[in-house]
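S.K.: Structure file data39.cif, mmCIF, C-alpha atoms, is pasted below:
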```
data_target
#
loop_
_atom_site.label_atom_id
_atom_site.label_comp_id
_atom_site.auth_asym_id
_atom_site.auth_seq_id
_atom_site.Cartn_x
_atom_site.Cartn_y
_atom_site.Cartn_z
CA MET A 209 -17.86 -15.61 -49.99
CA LYS A 210 -19.37 -12.15 -49.54
CA TYR A 211 -20.95 -13.33 -46.27
CA VAL A 212 -17.52 -14.40 -45.03
CA TYR A 213 -16.18 -10.90 -45.66
CA TYR A 214 -19.27 -9.47 -43.96
CA TYR A 215 -18.73 -11.45 -40.77
CA ILE A 216 -15.00 -10.73 -40.81
CA SER A 217 -15.83 -7.02 -41.05
CA LEU A 218 -18.23 -7.30 -38.11
CA PHE A 219 -15.54 -9.07 -36.08
CA LEU A 220 -12.98 -6.38 -36.87
CA VAL A 221 -15.42 -3.65 -35.85
CA PHE A 222 -16.07 -5.47 -32.58
CA LEU A 223 -12.35 -5.96 -31.98
CA CYS A 224 -11.66 -2.28 -32.64
CA SER A 225 -14.45 -1.24 -30.27
CA ALA A 226 -13.12 -3.53 -27.54
CA THR A 227 -9.61 -2.16 -27.99
CA CYS A 228 -10.80 1.43 -27.88
CA TRP A 229 -12.79 0.70 -24.72
CA ALA A 230 -9.77 -0.90 -23.07
CA GLN A 231 -7.62 2.11 -23.85
CA ASP A 232 -10.33 4.46 -22.63
CA THR A 233 -10.07 3.15 -19.05
CA ALA A 234 -6.98 3.07 -16.84
CA LEU A 235 -5.95 2.01 -13.36
CA LEU A 236 -3.37 4.26 -11.72
CA MET A 237 -1.50 2.70 -8.81
CA VAL A 238 -0.16 5.49 -6.58
CA HIS A 239 2.71 4.86 -4.19
CA PHE A 240 4.74 6.95 -1.76
CA GLY A 241 7.78 5.33 -3.32
CA THR A 242 11.16 4.05 -2.16
CA THR A 243 14.82 4.29 -3.18
CA TYR A 244 15.49 0.70 -2.07
CA ASP A 245 15.52 -1.40 -5.22
CA ALA A 246 15.08 -4.77 -3.53
CA THR A 247 11.99 -3.81 -1.52
CA ARG A 248 10.56 -1.90 -4.51
CA ALA A 249 10.66 -5.09 -6.57
CA LYS A 250 8.95 -7.09 -3.80
CA THR A 251 6.25 -4.51 -3.06
CA ILE A 252 5.50 -1.75 -5.57
CA ASP A 253 6.49 -3.67 -8.70
CA ALA A 254 4.80 -6.81 -7.39
CA ILE A 255 1.43 -5.18 -6.73
CA ASN A 256 1.56 -3.31 -10.06
CA GLN A 257 2.03 -6.64 -11.82
CA LYS A 258 -0.75 -8.25 -9.81
CA ALA A 259 -3.07 -5.38 -10.74
CA ALA A 260 -2.22 -5.75 -14.42
CA GLN A 261 -3.07 -9.45 -14.22
CA ALA A 262 -6.30 -8.80 -12.31
CA PHE A 263 -7.52 -6.12 -14.74
CA PRO A 264 -6.34 -7.07 -18.24
CA SER A 265 -8.92 -4.79 -19.88
CA MET A 266 -7.41 -1.66 -18.33
CA ILE A 267 -4.18 0.22 -18.85
CA VAL A 268 -2.22 -0.03 -15.58
CA ARG A 269 0.23 2.72 -14.71
CA GLU A 270 2.01 3.91 -11.56
CA ALA A 271 2.86 7.22 -9.91
CA TYR A 272 4.94 8.27 -6.89
CA THR A 273 4.10 11.03 -4.45
CA SER A 274 7.36 11.47 -2.51
CA ARG A 275 9.30 14.29 -4.18
CA ILE A 276 12.43 13.33 -2.22
CA VAL A 277 12.28 9.74 -3.44
CA MET A 278 11.68 10.83 -7.03
CA LYS A 279 14.63 13.25 -6.97
CA ARG A 280 16.97 10.57 -5.63
CA LEU A 281 15.79 8.09 -8.24
CA ASP A 282 16.16 10.69 -11.02
CA LYS A 283 19.84 11.05 -10.12
CA ARG A 284 20.16 7.32 -10.75
CA GLY A 285 18.38 7.57 -14.09
CA ILE A 286 15.06 6.16 -12.81
CA HIS A 287 12.10 8.41 -13.62
CA LYS A 288 8.75 8.19 -11.82
CA ASP A 289 5.70 10.28 -12.67
CA THR A 290 3.77 12.29 -10.13
CA PRO A 291 0.00 11.58 -10.05
CA ILE A 292 -0.70 14.73 -12.11
CA ASP A 293 1.98 13.82 -14.67
CA ALA A 294 0.65 10.27 -14.97
CA LEU A 295 -2.96 11.44 -15.32
CA LEU A 296 -2.16 14.03 -17.97
CA ARG A 297 -0.11 11.45 -19.86
CA LEU A 298 -3.06 9.06 -19.80
CA ARG A 299 -5.40 11.79 -21.04
CA SER A 300 -3.05 12.58 -23.93
CA GLU A 301 -3.34 8.90 -24.89
CA GLY A 302 -7.12 9.11 -25.05
CA VAL A 303 -8.00 7.75 -21.62
CA ARG A 304 -11.19 9.30 -20.23
CA THR A 305 -11.91 7.11 -17.19
CA VAL A 306 -9.41 6.44 -14.40
CA LYS A 307 -9.55 4.37 -11.24
CA ILE A 308 -6.87 5.28 -8.69
CA GLN A 309 -5.67 2.86 -6.03
CA PRO A 310 -3.14 4.22 -3.50
CA SER A 311 -0.90 1.80 -1.63
CA TYR A 312 -0.97 3.97 1.49
CA VAL A 313 -1.67 2.33 4.85
CA ILE A 314 -3.88 5.07 6.35
CA ASP A 315 -5.91 8.04 5.13
CA GLY A 316 -3.33 10.64 6.12
CA ILE A 317 -1.49 13.57 4.57
CA GLU A 318 -0.51 11.69 1.40
CA MET A 319 -4.16 10.87 0.69
CA GLU A 320 -5.11 14.52 1.14
CA ARG A 321 -2.44 15.57 -1.37
CA LEU A 322 -3.54 12.90 -3.82
CA ARG A 323 -7.16 14.05 -3.73
CA LYS A 324 -6.05 17.66 -4.32
CA ASP A 325 -3.97 16.57 -7.32
CA VAL A 326 -6.95 14.70 -8.75
CA GLU A 327 -9.23 17.73 -8.42
CA GLN A 328 -6.81 19.78 -10.53
CA VAL A 329 -7.19 17.48 -13.53
CA ARG A 330 -10.72 16.14 -12.99
CA PRO A 331 -12.23 18.47 -15.67
CA PHE A 332 -10.15 16.71 -18.34
CA PHE A 333 -11.77 13.31 -17.68
CA ASP A 334 -15.25 11.84 -17.85
CA SER A 335 -14.73 10.23 -14.44
CA ILE A 336 -12.02 9.56 -11.87
CA TRP A 337 -12.47 7.33 -8.84
CA VAL A 338 -10.05 7.51 -5.92
CA SER A 339 -10.11 4.37 -3.80
CA THR A 340 -9.24 4.11 -0.11
CA PRO A 341 -5.97 3.10 1.62
CA LEU A 342 -5.39 -0.24 3.32
CA LEU A 343 -6.88 0.80 6.66
CA TYR A 344 -10.09 2.77 6.17
CA THR A 345 -13.08 0.85 7.50
CA VAL A 346 -13.58 -1.37 10.56
CA GLU A 347 -13.78 -4.33 8.19
CA ASP A 348 -10.42 -3.34 6.69
CA ALA A 349 -8.82 -3.40 10.15
CA LYS A 350 -10.30 -6.80 10.95
CA LYS A 351 -8.91 -8.29 7.73
CA VAL A 352 -5.46 -6.78 8.27
CA CYS A 353 -5.34 -8.04 11.87
CA GLN A 354 -6.06 -11.56 10.68
CA VAL A 355 -3.37 -11.40 8.00
CA LEU A 356 -0.77 -10.08 10.46
CA VAL A 357 -1.46 -12.72 13.09
CA ASN A 358 -1.34 -15.52 10.51
CA ARG A 359 1.85 -14.15 8.99
CA HIS A 360 3.82 -13.54 12.19
CA VAL A 361 3.48 -16.32 14.73
CA ALA A 362 4.39 -15.68 18.38
CA ASP A 363 3.95 -18.09 21.29
CA ALA A 364 2.45 -16.23 24.24
CA LYS A 365 3.35 -19.10 26.59
CA LYS A 366 7.01 -18.54 25.74
CA ARG A 367 6.46 -14.82 26.36
CA GLU A 368 7.07 -13.99 22.70
CA HIS A 369 5.64 -10.72 21.40
CA VAL A 370 5.27 -9.08 18.02
CA LEU A 371 5.44 -5.30 17.71
CA PHE A 372 4.17 -3.81 14.44
CA VAL A 373 5.70 -0.38 13.85
CA GLY A 374 3.86 2.08 11.61
CA HIS A 375 4.84 5.54 10.44
CA GLY A 376 2.14 7.54 12.23
CA THR A 377 0.76 10.99 11.51
CA GLU A 378 -0.25 14.15 13.33
CA GLY A 379 -3.79 14.06 11.96
CA PRO A 380 -6.84 12.10 13.20
CA ALA A 381 -5.97 9.12 10.99
CA THR A 382 -3.39 8.11 13.60
CA ALA A 383 -6.33 6.67 15.57
CA LEU A 384 -6.35 3.75 13.14
CA TYR A 385 -3.16 2.44 14.74
CA SER A 386 -4.84 2.40 18.14
CA GLN A 387 -7.84 0.67 16.61
CA LEU A 388 -5.60 -2.03 15.18
CA ASP A 389 -3.81 -2.44 18.52
CA TYR A 390 -7.14 -2.76 20.37
CA MET A 391 -8.55 -5.24 17.83
CA LEU A 392 -5.54 -7.51 18.25
CA ARG A 393 -6.08 -7.69 22.02
CA ALA A 394 -9.86 -8.01 21.66
CA GLY A 395 -9.26 -10.91 19.30
CA GLY A 396 -7.29 -12.77 21.95
CA HIS A 397 -3.85 -11.78 20.70
CA GLY A 398 -2.56 -9.83 23.69
CA ASN A 399 1.05 -10.46 22.76
CA TYR A 400 0.66 -8.52 19.50
CA HIS A 401 1.10 -4.75 19.64
CA VAL A 402 1.06 -1.69 17.37
CA ALA A 403 3.17 1.45 17.77
CA THR A 404 4.26 4.31 15.53
CA ILE A 405 7.40 6.28 14.78
CA GLU A 406 5.72 9.68 14.49
CA GLY A 407 2.30 9.24 16.05
CA TYR A 408 0.37 7.25 18.65
CA PRO A 409 0.65 4.62 20.09
CA THR A 410 4.29 5.30 20.86
CA GLN A 411 7.27 3.07 21.54
CA GLU A 412 6.80 3.80 25.26
CA THR A 413 3.15 2.69 25.34
CA ALA A 414 3.98 -0.56 23.54
CA LEU A 415 6.95 -1.22 25.81
CA ALA A 416 4.75 -0.73 28.87
CA GLN A 417 2.32 -3.37 27.58
CA ILE A 418 5.12 -5.83 26.83
CA LYS A 419 6.78 -5.36 30.24
CA SER A 420 3.45 -5.71 32.07
CA MET A 421 3.12 -9.15 30.47
CA LYS A 422 6.72 -10.02 31.40
CA GLY A 423 7.69 -10.28 27.76
CA ARG A 424 10.94 -12.07 26.95
CA LYS A 425 11.35 -11.78 23.19
CA VAL A 426 10.05 -9.15 20.75
CA THR A 427 9.89 -9.37 16.98
CA LEU A 428 9.78 -5.95 15.32
CA VAL A 429 7.81 -5.85 12.07
CA PRO A 430 7.30 -2.76 9.86
CA LEU A 431 3.66 -1.75 9.49
CA LEU A 432 4.73 0.03 6.31
CA PHE A 433 4.01 -0.80 2.68
CA VAL A 434 7.73 -0.91 1.89
CA ALA A 435 10.63 -1.76 4.17
CA GLY A 436 12.65 1.33 3.26
CA ASP A 437 14.41 4.06 5.25
CA HIS A 438 12.21 3.86 8.35
CA ALA A 439 12.48 0.07 8.48
CA ASN A 440 16.23 -0.09 7.88
CA ASN A 441 17.16 2.82 10.14
CA ASP A 442 14.52 3.66 12.75
CA ILE A 443 13.15 0.16 13.36
CA SER A 444 16.24 -1.98 12.74
CA VAL A 445 18.58 0.31 14.68
CA GLU A 446 16.96 2.78 17.10
CA TRP A 447 13.92 0.72 18.12
CA LYS A 448 15.91 -2.50 18.35
CA GLU A 449 18.57 -0.91 20.55
CA ALA A 450 15.97 0.77 22.78
CA LEU A 451 14.16 -2.51 23.46
CA GLU A 452 17.41 -4.41 24.03
CA LYS A 453 18.37 -1.86 26.68
CA GLU A 454 15.20 -2.92 28.49
CA GLY A 455 16.53 -6.48 28.66
CA LEU A 456 14.45 -7.88 25.81
CA MET A 457 15.65 -10.25 23.10
CA VAL A 458 14.86 -8.48 19.82
CA GLU A 459 14.48 -9.79 16.29
CA VAL A 460 13.74 -7.57 13.30
CA ARG A 461 11.72 -8.94 10.40
CA LEU A 462 12.33 -6.60 7.45
CA GLU A 463 9.21 -7.32 5.45
CA GLY A 464 7.01 -4.55 4.09
CA LEU A 465 3.25 -5.03 4.01
CA GLY A 466 3.43 -4.85 0.24
CA GLU A 467 5.42 -8.10 0.18
CA VAL A 468 2.55 -10.07 1.71
CA PRO A 469 0.31 -11.67 -0.96
CA ASP A 470 -2.77 -11.47 1.26
CA ILE A 471 -2.22 -7.74 1.80
CA GLN A 472 -1.74 -7.22 -1.94
CA ASP A 473 -5.07 -8.99 -2.47
CA LEU A 474 -6.82 -6.58 -0.08
CA TYR A 475 -5.71 -3.64 -2.27
CA ILE A 476 -6.83 -5.44 -5.43
CA GLU A 477 -10.21 -6.13 -3.83
CA LYS A 478 -10.63 -2.41 -3.21
CA VAL A 479 -10.23 -1.76 -6.93
CA LYS A 480 -12.87 -4.39 -7.72
CA LYS A 481 -15.33 -2.77 -5.32
#
```
Take the structure in the file and write it out as structure tokens.

M.R.:
Amino acid sequence: MKYVYYYISLFLVFLCSATCWAQDTALLMVHFGTTYDATRAKTIDAINQKAAQAFPSMIVREAYTSRIVMKRLDKRGIHKDTPIDALLRLRSEGVRTVKIQPSYVIDGIEMERLRKDVEQVRPFFDSIWVSTPLLYTVEDAKKVCQVLVNRHVADAKKREHVLFVGHGTEGPATALYSQLDYMLRAGGHGNYHVATIEGYPTQETALAQIKSMKGRKVTLVPLLFVAGDHANNDISVEWKEALEKEGLMVEVRLEGLGEVPDIQDLYIEKVKK
């Protein structure tokens, strides 16, 4: 009987060690955020849940970086931590190792802010890894192009076009949108285009391409993680009206990148790497 107690004790020690290890490591999913409940459930909540399923040995938490979004949600009784708040909370719970996966599309201003936030609290942890956004390497762009083409079918013979509309930025990361646009054409998908709201390529450059190919119908698709304000206002209203004035038939597909399972998987793969 004493041997039974001995092995039970060994098992309990092992179980305790495994539990302590699990609570010593966390995955922090960082999002810009959105005030749209429906798209949040389909994108941010969905990828958080997928991450929790993919990494059961780690604590999975989330943080938002848009102060405007967080203030609006607070007024509705919905609290979201900033990255610093989330990291300090994890440290108070005994976590010493953190992997951070942002759901950003490009390595722009939000990524710069995130890295600065991490540096402020890095001394409190043994290690913190900050992963890359969706579009970072050439291989990333190739994978995203393939997902987009498979997801949004357009018949070139019927002069159907798809225009992916991203946010854009003033920094050098805006070049990633041009890279994506070029890769689509180089891959034989000349009726697929990329433009941005606040960067380059612009609506005008995309329109010029579509008109040069005598386009008849255009489907507008947000190249944004969530289909929030920009998708519901800029893309669905201003962009749609502008293209219709040019004599084009326009359809808007309000689907954020975060709703696409294959795109979610690309983020999860980044954590694994």

S.K.: When you look at Gly241 of chain A with a cut-off of 7 Å (counting all atoms listed in the file), what residues show up, excluding the ones that are within fewer than 6 positions of it in the same chain? I need them as a PyMOL selection string.

M.R.: chain A and resi 272-274+277

S.K.: Let me know the residues the PyMOL selection byres ((chain A and resi 432) around 12) catches in the file above, as JSON, numbers by chain.

M.R.: {"A": [239, 240, 241, 242, 247, 251, 311, 312, 313, 314, 342, 343, 372, 373, 374, 375, 376, 385, 402, 403, 404, 405, 428, 429, 430, 431, 433, 434, 435, 436, 437, 438, 439, 440, 443, 462, 463, 464, 465, 466, 467, 468, 471]}

S.K.: Within 10 Å of (-9.2, 4.3, -20.2), all atoms listed in the file: residues as a PDB file with C-alpha atoms, keeping the file's coordinate frame?

M.R.:
```pdb
ATOM      1  CA  CYS A 228     -10.800   1.430 -27.880  1.00  0.00           C
ATOM      2  CA  TRP A 229     -12.790   0.700 -24.720  1.00  0.00           C
ATOM      3  CA  ALA A 230      -9.770  -0.900 -23.070  1.00  0.00           C
ATOM      4  CA  GLN A 231      -7.620   2.110 -23.850  1.00  0.00           C
ATOM      5  CA  ASP A 232     -10.330   4.460 -22.630  1.00  0.00           C
ATOM      6  CA  THR A 233     -10.070   3.150 -19.050  1.00  0.00           C
ATOM      7  CA  ALA A 234      -6.980   3.070 -16.840  1.00  0.00           C
ATOM      8  CA  LEU A 235      -5.950   2.010 -13.360  1.00  0.00           C
ATOM      9  CA  SER A 265      -8.920  -4.790 -19.880  1.00  0.00           C
ATOM     10  CA  MET A 266      -7.410  -1.660 -18.330  1.00  0.00           C
ATOM     11  CA  ILE A 267      -4.180   0.220 -18.850  1.00  0.00           C
ATOM     12  CA  VAL A 268      -2.220  -0.030 -15.580  1.00  0.00           C
ATOM     13  CA  LEU A 298      -3.060   9.060 -19.800  1.00  0.00           C
ATOM     14  CA  ARG A 299      -5.400  11.790 -21.040  1.00  0.00           C
ATOM     15  CA  GLU A 301      -3.340   8.900 -24.890  1.00  0.00           C
ATOM     16  CA  GLY A 302      -7.120   9.110 -25.050  1.00  0.00           C
ATOM     17  CA  VAL A 303      -8.000   7.750 -21.620  1.00  0.00           C
ATOM     18  CA  ARG A 304     -11.190   9.300 -20.230  1.00  0.00           C
ATOM     19  CA  THR A 305     -11.910   7.110 -17.190  1.00  0.00           C
ATOM     20  CA  VAL A 306      -9.410   6.440 -14.400  1.00  0.00           C
ATOM     21  CA  LYS A 307      -9.550   4.370 -11.240  1.00  0.00           C
ATOM     22  CA  PHE A 333     -11.770  13.310 -17.680  1.00  0.00           C
ATOM     23  CA  ASP A 334     -15.250  11.840 -17.850  1.00  0.00           C
ATOM     24  CA  SER A 335     -14.730  10.230 -14.440  1.00  0.00           C
TER      25      SER A 335
END
```

S.K.: Could you tell me which residues the PyMOL selection byres ((chain A and resi 258) around 12) grabs in this file, written as number ranges by chain?

M.R.: A: 237, 250-257, 259-264, 268, 466-467, 469-477, 479

S.K.: Check which residues satisfy the PyMOL selection byres ((chain A and resi 423) around 8) in the file shown, then give them as JSON, numbers by chain.

M.R.: {"A": [367, 368, 369, 418, 419, 420, 421, 422, 424, 425, 426, 456]}

S.K.: I'd like the interatomic distance between atom CA of His397 of chain A and atom CA of Gly379 of chain A, to a tenth of an Å.

M.R.: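 Between these atoms lies a distance of 27.3 Å.
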
S.K.: Report, in Å with one decimal, the straight-line distance from atom CA of Val355 of chain A to atom CA of Gly396 of chain A.

M.R.: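 Calculated distance between atom CA of Val355 of chain A and atom CA of Gly396 of chain A is 14.6 Å.
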
S.K.: Rounded to one decimal, what separation in Å do you get between atom CA of Pro409 of chain A and atom CA of Ser386 of chain A?

M.R.: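 Pair atom CA of Pro409 of chain A / atom CA of Ser386 of chain A returns 6.2 Å.
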
S.K.: Compare A:Thr345, A:Lys351, A:Leu415, A:Arg284 by their minimum atom-to-atom distance to Glu452 of chain A, counting all atoms listed in the file, and give me the closest one.

M.R.: A:Leu415

S.K.: Please return the centre and edge lengths, in Å to one decimal, of a box with edges along x, y and z that contains all listed atoms of segment 305-322 of chain A, widened by 5 Å on every side, as AutoDock Vina command-line options.

M.R.:
```
--center_x -6.2 --center_y 8.7 --center_z -5.4 --size_x 21.4 --size_y 23.8 --size_z 33.5
```

S.K.: Choose the residue, out of A:Glu412, A:Arg248, A:Pro291, A:Glu347, that has the smallest atom-to-atom separation from Arg323 of chain A; count all atoms listed in the file.

M.R.: A:Pro291

S.K.: Around the point (-12.1, -10.2, 18.2) (coordinates from the file), which residues reach within 12 Å if we count all atoms listed in the file? Answer as a ChimeraX atom specification.

M.R.: /A:346-347,349-351,353-354,387-398

S.K.: Which neighbours of Val329 of chain A fall inside 8 Å, counting only C-alpha atoms, when residues of the same chain fewer than 3 positions from it are skipped, and could you give them as a PyMOL selection string?

M.R.: chain A and resi 292+295-296+325-326+332-333

S.K.: Using all atoms listed in the file, find the one residue out of A:Gly316, A:Arg280, A:Ala364, A:Leu236 that sits nearest to Gly407 of chain A.

M.R.: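 The shortest atom-to-atom distance to Gly407 of chain A comes from A:Gly316.
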
S.K.: Using only C-alpha atoms, pick whichever of A:Arg330, A:Thr243, A:Pro310, A:Thr413 has the shortest atom-to-atom distance to His287 of chain A.

M.R.: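 Checking each of A:Arg330, A:Thr243, A:Pro310, A:Thr413 against His287 of chain A, counting only C-alpha atoms, the winner is A:Thr243.
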